[in-house]
Amino acid sequence: MPSESPQVTPLVQIQGIKYIQRVLPLLERLRPVGCERDRAGNRRLFFDQYCALLLVYFFNANVTSLRAIQRSSDLESVRRKVGARRVSIGSLSEAASVFDPDRLAEIVAELSESLPKAAWGSLPGVKGVPTAVDGTLLKALPQITQASYASQRHSGWRLHTHFEVLRGIPVNVTLSDAKNSKASNEKAVLRGTLKPDRCYILDRGYEEFGLFNQIVAQRSSYVCRIRGDHHFTVEETRPLSAAAHEAGVCEDAVGNLGSPKSKRIEHPNHRVRRVVVRVPVHAKRRKSPASYQELVLATNLLDAPAEVIATLYRWRWLIELFFRFFKQVLGCKQLLSRQHNGILIQVYCALIACLLLHVAYGQKPNKAAFEMICFYFQGWATEEELLRCLEKQRAKNR
């Protein structure tokens with residue numbers, strides 16, 4: 001049976017902070033972006049410089065706002081590292097509407113491809129790269145102010161994310177409004193971003209038979225938690241192995257999902273496997289000392305062992321840990337812009353920071369490793385101290 005959480009092997013050996021600096025040449029291609037209307041040739045802040053200043057924001061805990069970014073550009077050492085002049089707060093604010101965030105998506109894709117592919121040979125019967133899909137809210141205003149404007153346009157944003165659980169990296173993001181309806185509905189967004197050779201790991205919010213059919217049509221697979229009261233016609237009941245019992249599986253069957261009497265909704269056009277997993281309820285929600293609940297999972301993975309299906313769904317929670325790291329550690333809980341393009345630029349730069357940490361650390365970084373990297377950037381730690389800390393943290397994760 002696979003382990004409870006995927007084991008990420010070291011990707012590269014640390015050889016100084018030069019791995020962090022590798023992104024600067026990638027940003028150079030952004031220099032012409034947004035200069036079409038600059039016929040006088042007097043633009044002082046370019047897209048690559050703006051992104052470099054955002055990276056300063058992500059890797060320095062004391063830089064917490066757009067104004068702080070502007071003040072950091074007053075420092076000669078910062079200007080020398082990012083290759084930028086002193087910028088005004090007006091130039092930083094304007095950048096959100098001038099530059100095209102889609103060009104950053106190309107760099108995110110290149111950095112993702114530069115990391116070694118994860119092997120899932122320990123997951124027999126799994127077709128495609130295990131990819132958790134979920135969304136998280138990004139609020140443009142503080143919580144108290146947000147409540148006052150809840151019915152107005154400043155209701156916040158939703159970041160729809162595809163997260164490879166074995167490599168521990170985000171591979172696709174889409175930004176929409178926070179209404180979760182029509183075009184911004186999480187199921188509608190997923191339909192527009194489906195790719196072949198993926199195994200999508202989904203929570204109950206993505207439960208929709210038509211979506212399951214579209215995933216299969218894309219030559220991908222899915223593991224999705226569904227309601228337990230759906231009509232299910234059993235064609236085959238499978239015996240449970242010792243490993244399945246250990247993983248909490250209490251039922252494994254293959255058949256047809258959806259009532260044949262219902263003609264108004266689309267039914268799965270493929271055989272569906274129904275796996276029921278018994279899990280303990282969180283201590284804060286328990287009604288009795290030994291309280292359990294049953295999770296009903298639907299999947300088109302007919303050949304994978306039942307314990308693998310259960311493990312895949314457990315790994316879905318890794319995307320929640322990523323959201324926590326994204327907001328609390330990288331500082332994306334606070335948005336630097338209220339414009340769609342500006343928020344997307346901030347998100348893409350945050351993803352670049354995440355991927356650079358993977359390259360520098362050799363695996364998914366924890367908070368201690370991130371803090372030491374920030375200390376190095378601020379000149380508080382030497383390179384030897386940084387490497388010693390990273391090796392110590394890596395040894396703990398083995």
# chains A, B, ... in the order shown; residues from 1 in each chain; ligands from 1

$ residues_around --residues "range 305-320 of chain A" --least-positions-apart "5" --cutoff "9 Å" --atoms "only C-alpha atoms" --output "PyMOL selection string"
chain A and resi 1-6+123-126+130-134+136+161-166+168+170+201-203+223-225+240-241+243-249+251-252+275-277+297+299+325

$ atom_distance --atom1 "CA of Leu92 in chain A" --atom2 "CA of Ala109 in chain A"
25.3 Å

$ closest_residue --among "A:Phe99, A:Tyr57, A:Phe47, A:Phe375" --to "Ala84 in chain A" --atoms "only C-alpha atoms"
A:Phe47

$ residues_around --residues "Arg44 in chain A" --least-positions-apart "5" --cutoff "10 Å" --atoms "only C-alpha atoms" --output "ChimeraX atom specification"
/A:49,84-88,91

$ write_last_selection --atoms "C-alpha atoms" --output "short mmCIF file (atom, residue, chain, number, x, y, z; two decimals), in the first residue's frame"
data_model
loop_
_atom_site.label_atom_id
_atom_site.label_comp_id
_atom_site.auth_asym_id
_atom_site.auth_seq_id
_atom_site.Cartn_x
_atom_site.Cartn_y
_atom_site.Cartn_z
CA GLN A 49 11.60 44.84 -13.41
CA ALA A 84 15.52 48.72 -12.05
CA ARG A 85 15.53 52.42 -11.35
CA ARG A 86 13.75 54.07 -8.47
CA VAL A 87 10.02 53.75 -9.17
CA SER A 88 7.04 55.77 -7.99
CA SER A 91 4.14 53.51 -11.74
#
